[in-house]
>>> print(open('my_file21.pdb').read())   # PDB, C-alpha atoms, pLDDT in the B column
MODEL        1
ATOM      1  CA  MET A   1      -5.470   5.322 -13.109  1.00 43.00           C
ATOM      2  CA  ALA A   2      -7.278   2.644 -11.182  1.00 46.00           C
ATOM      3  CA  THR A   3      -9.908   3.915  -8.827  1.00 42.00           C
ATOM      4  CA  THR A   4     -11.469   2.684  -5.638  1.00 46.00           C
ATOM      5  CA  SER A   5     -13.887   4.321  -3.270  1.00 59.00           C
ATOM      6  CA  ASN A   6     -13.739   7.887  -4.530  1.00 72.00           C
ATOM      7  CA  TYR A   7     -10.043   8.418  -5.178  1.00 86.00           C
ATOM      8  CA  ALA A   8      -7.459   7.368  -7.752  1.00 91.00           C
ATOM      9  CA  TYR A   9      -4.446   5.236  -6.933  1.00 95.00           C
ATOM     10  CA  PRO A  10      -1.065   6.864  -7.576  1.00 96.00           C
ATOM     11  CA  LEU A  11       0.442   4.965 -10.518  1.00 96.00           C
ATOM     12  CA  GLN A  12       3.325   5.585 -12.916  1.00 95.00           C
ATOM     13  CA  PRO A  13       2.567   5.866 -16.660  1.00 95.00           C
ATOM     14  CA  ASP A  14       5.566   3.708 -17.608  1.00 96.00           C
ATOM     15  CA  TRP A  15       4.483   0.699 -15.535  1.00 97.00           C
ATOM     16  CA  SER A  16       3.363  -2.470 -17.275  1.00 98.00           C
ATOM     17  CA  THR A  17      -0.042  -3.976 -16.572  1.00 97.00           C
ATOM     18  CA  ASP A  18       1.642  -6.518 -14.275  1.00 98.00           C
ATOM     19  CA  ASP A  19       3.396  -3.715 -12.379  1.00 98.00           C
ATOM     20  CA  ILE A  20       0.095  -1.881 -11.925  1.00 97.00           C
ATOM     21  CA  LEU A  21      -1.545  -5.047 -10.604  1.00 97.00           C
ATOM     22  CA  ILE A  22       1.283  -5.615  -8.113  1.00 98.00           C
ATOM     23  CA  VAL A  23       1.198  -2.037  -6.820  1.00 98.00           C
ATOM     24  CA  THR A  24      -2.606  -2.043  -6.680  1.00 97.00           C
ATOM     25  CA  GLN A  25      -2.511  -5.227  -4.575  1.00 98.00           C
ATOM     26  CA  LEU A  26      -0.435  -3.412  -1.948  1.00 98.00           C
ATOM     27  CA  TYR A  27      -2.788  -0.419  -1.959  1.00 97.00           C
ATOM     28  CA  GLN A  28      -5.743  -2.796  -1.506  1.00 97.00           C
ATOM     29  CA  ALA A  29      -3.963  -4.684   1.286  1.00 98.00           C
ATOM     30  CA  VAL A  30      -3.339  -1.416   3.147  1.00 97.00           C
ATOM     31  CA  GLU A  31      -6.984  -0.434   2.616  1.00 96.00           C
ATOM     32  CA  ALA A  32      -8.060  -3.788   4.076  1.00 96.00           C
ATOM     33  CA  ALA A  33      -5.964  -3.130   7.196  1.00 97.00           C
ATOM     34  CA  TYR A  34      -7.967   0.064   7.771  1.00 96.00           C
ATOM     35  CA  GLU A  35     -11.386  -0.870   6.396  1.00 94.00           C
ATOM     36  CA  GLN A  36     -12.001  -4.565   7.107  1.00 94.00           C
ATOM     37  CA  PRO A  37     -13.315  -5.393  10.585  1.00 93.00           C
ATOM     38  CA  GLN A  38     -10.809  -8.253  10.872  1.00 94.00           C
ATOM     39  CA  GLY A  39      -7.974  -6.319   9.190  1.00 95.00           C
ATOM     40  CA  ILE A  40      -5.592  -8.295   6.989  1.00 97.00           C
ATOM     41  CA  ALA A  41      -3.170 -11.098   7.739  1.00 97.00           C
ATOM     42  CA  ALA A  42       0.246  -9.584   8.450  1.00 97.00           C
ATOM     43  CA  GLN A  43       1.893 -12.165   6.181  1.00 97.00           C
ATOM     44  CA  ASP A  44      -0.407 -11.252   3.261  1.00 97.00           C
ATOM     45  CA  LEU A  45       0.420  -7.573   3.680  1.00 98.00           C
ATOM     46  CA  LEU A  46       4.168  -8.252   3.832  1.00 98.00           C
ATOM     47  CA  THR A  47       3.955 -10.479   0.744  1.00 98.00           C
ATOM     48  CA  ALA A  48       2.192  -7.660  -1.153  1.00 98.00           C
ATOM     49  CA  TYR A  49       4.825  -5.196   0.100  1.00 98.00           C
ATOM     50  CA  ARG A  50       7.733  -7.369  -1.062  1.00 98.00           C
ATOM     51  CA  ALA A  51       6.131  -7.668  -4.504  1.00 98.00           C
ATOM     52  CA  PHE A  52       5.627  -3.873  -4.528  1.00 98.00           C
ATOM     53  CA  GLN A  53       9.352  -3.454  -3.844  1.00 98.00           C
ATOM     54  CA  THR A  54      10.160  -5.401  -7.029  1.00 98.00           C
ATOM     55  CA  VAL A  55       8.252  -2.739  -9.003  1.00 98.00           C
ATOM     56  CA  VAL A  56       9.431   0.198  -6.871  1.00 97.00           C
ATOM     57  CA  PRO A  57      12.937  -0.719  -5.665  1.00 96.00           C
ATOM     58  CA  GLN A  58      14.106   2.824  -4.856  1.00 96.00           C
ATOM     59  CA  LYS A  59      13.239   4.135  -1.388  1.00 96.00           C
ATOM     60  CA  PHE A  60      12.665   7.705  -2.602  1.00 97.00           C
ATOM     61  CA  GLU A  61      10.078   6.548  -5.154  1.00 96.00           C
ATOM     62  CA  GLU A  62       8.469   4.269  -2.554  1.00 97.00           C
ATOM     63  CA  LYS A  63       8.187   7.246  -0.179  1.00 97.00           C
ATOM     64  CA  GLN A  64       6.733   9.468  -2.939  1.00 97.00           C
ATOM     65  CA  LEU A  65       4.084   6.889  -3.806  1.00 97.00           C
ATOM     66  CA  GLY A  66       3.382   6.268  -0.124  1.00 98.00           C
ATOM     67  CA  ARG A  67       2.813   9.985   0.460  1.00 98.00           C
ATOM     68  CA  ALA A  68       0.635  10.266  -2.647  1.00 97.00           C
ATOM     69  CA  PHE A  69      -1.431   7.254  -1.548  1.00 97.00           C
ATOM     70  CA  GLU A  70      -1.808   8.666   1.966  1.00 97.00           C
ATOM     71  CA  ASP A  71      -2.810  12.067   0.535  1.00 96.00           C
ATOM     72  CA  VAL A  72      -5.681  10.548  -1.461  1.00 95.00           C
ATOM     73  CA  SER A  73      -6.738   7.757   0.914  1.00 95.00           C
ATOM     74  CA  GLY A  74      -5.686   8.834   4.385  1.00 95.00           C
ATOM     75  CA  TYR A  75      -3.949   5.452   4.818  1.00 96.00           C
ATOM     76  CA  SER A  76      -0.240   5.038   5.571  1.00 97.00           C
ATOM     77  CA  ILE A  77       1.659   2.283   3.778  1.00 97.00           C
ATOM     78  CA  TYR A  78       4.688   2.919   5.994  1.00 97.00           C
ATOM     79  CA  ARG A  79       2.832   2.616   9.325  1.00 96.00           C
ATOM     80  CA  THR A  80       0.827  -0.388   8.131  1.00 97.00           C
ATOM     81  CA  VAL A  81       3.911  -2.299   6.959  1.00 97.00           C
ATOM     82  CA  LYS A  82       5.744  -1.324  10.145  1.00 97.00           C
ATOM     83  CA  GLN A  83       2.940  -2.796  12.237  1.00 96.00           C
ATOM     84  CA  ALA A  84       2.778  -5.933  10.072  1.00 97.00           C
ATOM     85  CA  ARG A  85       6.447  -6.566  10.840  1.00 96.00           C
ATOM     86  CA  THR A  86       5.790  -6.512  14.596  1.00 96.00           C
ATOM     87  CA  VAL A  87       2.644  -8.650  14.878  1.00 93.00           C
ATOM     88  CA  THR A  88       1.632 -12.191  14.216  1.00 88.00           C
ATOM     89  CA  GLY A  89      -1.875 -12.695  12.977  1.00 94.00           C
ATOM     90  CA  SER A  90      -3.784  -9.732  11.625  1.00 96.00           C
ATOM     91  CA  VAL A  91      -3.002  -6.069  11.106  1.00 96.00           C
ATOM     92  CA  LYS A  92      -5.890  -3.757  11.975  1.00 95.00           C
ATOM     93  CA  MET A  93      -5.200  -0.049  11.596  1.00 95.00           C
ATOM     94  CA  LYS A  94      -7.154   2.902  12.928  1.00 88.00           C
ATOM     95  CA  GLY A  95      -7.325   6.073  10.889  1.00 73.00           C
ATOM     96  CA  THR A  96      -9.309   8.227   8.554  1.00 57.00           C
ATOM     97  CA  HIS A  97     -12.128   7.076   6.277  1.00 49.00           C
TER      98      HIS A  97
ENDMDL
END
>>> encode(input="my_file21.pdb", output="structure tokens")
Amino acid sequence: MATTSNYAYPLQPDWSTDDILIVTQLYQAVEAAYEQPQGIAAQDLLTAYRAFQTVVPQKFEEKQLGRAFEDVSGYSIYRTVKQARTVTGSVKMKGTH
């Protein structure tokens, strides 16, 4: 498992290295929306999310990983992507951590 801060990213053991990199990029984009003073460009977040969906095409698995990521990080992929779809410019989330 890849780690950041002081938690481990939820990953699947059958993913390829490329898959892990794609999923990790989404996790890092969501972290940036919460942690970076300027947030993250909405377009960059949505690009990472679309790539994530190529690795995790099923909604139920996406929701499971989203819950697992939120459990360890306190950050919501769902709410962050939802906001990115409604703004132009940057996404800046408020939350834990």
>>> resolve_selection(input="my_file21.pdb", expression="the PyMOL selection byres ((chain A and resi 18-31) around 9)", output="ChimeraX atom specification")
/A:2,4,9,11-12,15-17,32-36,39-40,44-49,51-56,69,73,75-77,80-81,93
>>> atom_distance(input="my_file21.pdb", atom1="atom CA of A:Glu62", atom2="atom CA of A:Gln83")
17.3 Å
>>> atom_distance(input="my_file21.pdb", atom1="atom CA of A:Arg67", atom2="atom CA of A:Tyr7")
14.1 Å
>>> atom_distance(input="my_file21.pdb", atom1="atom CA of A:Phe60", atom2="atom CA of A:Lys82")
17.1 Å
>>> residues_around(input="my_file21.pdb", residues="A:Gly89", least_positions_apart="4", cutoff="8 Å", atoms="only C-alpha atoms", output="number ranges by chain")
A: 41-43
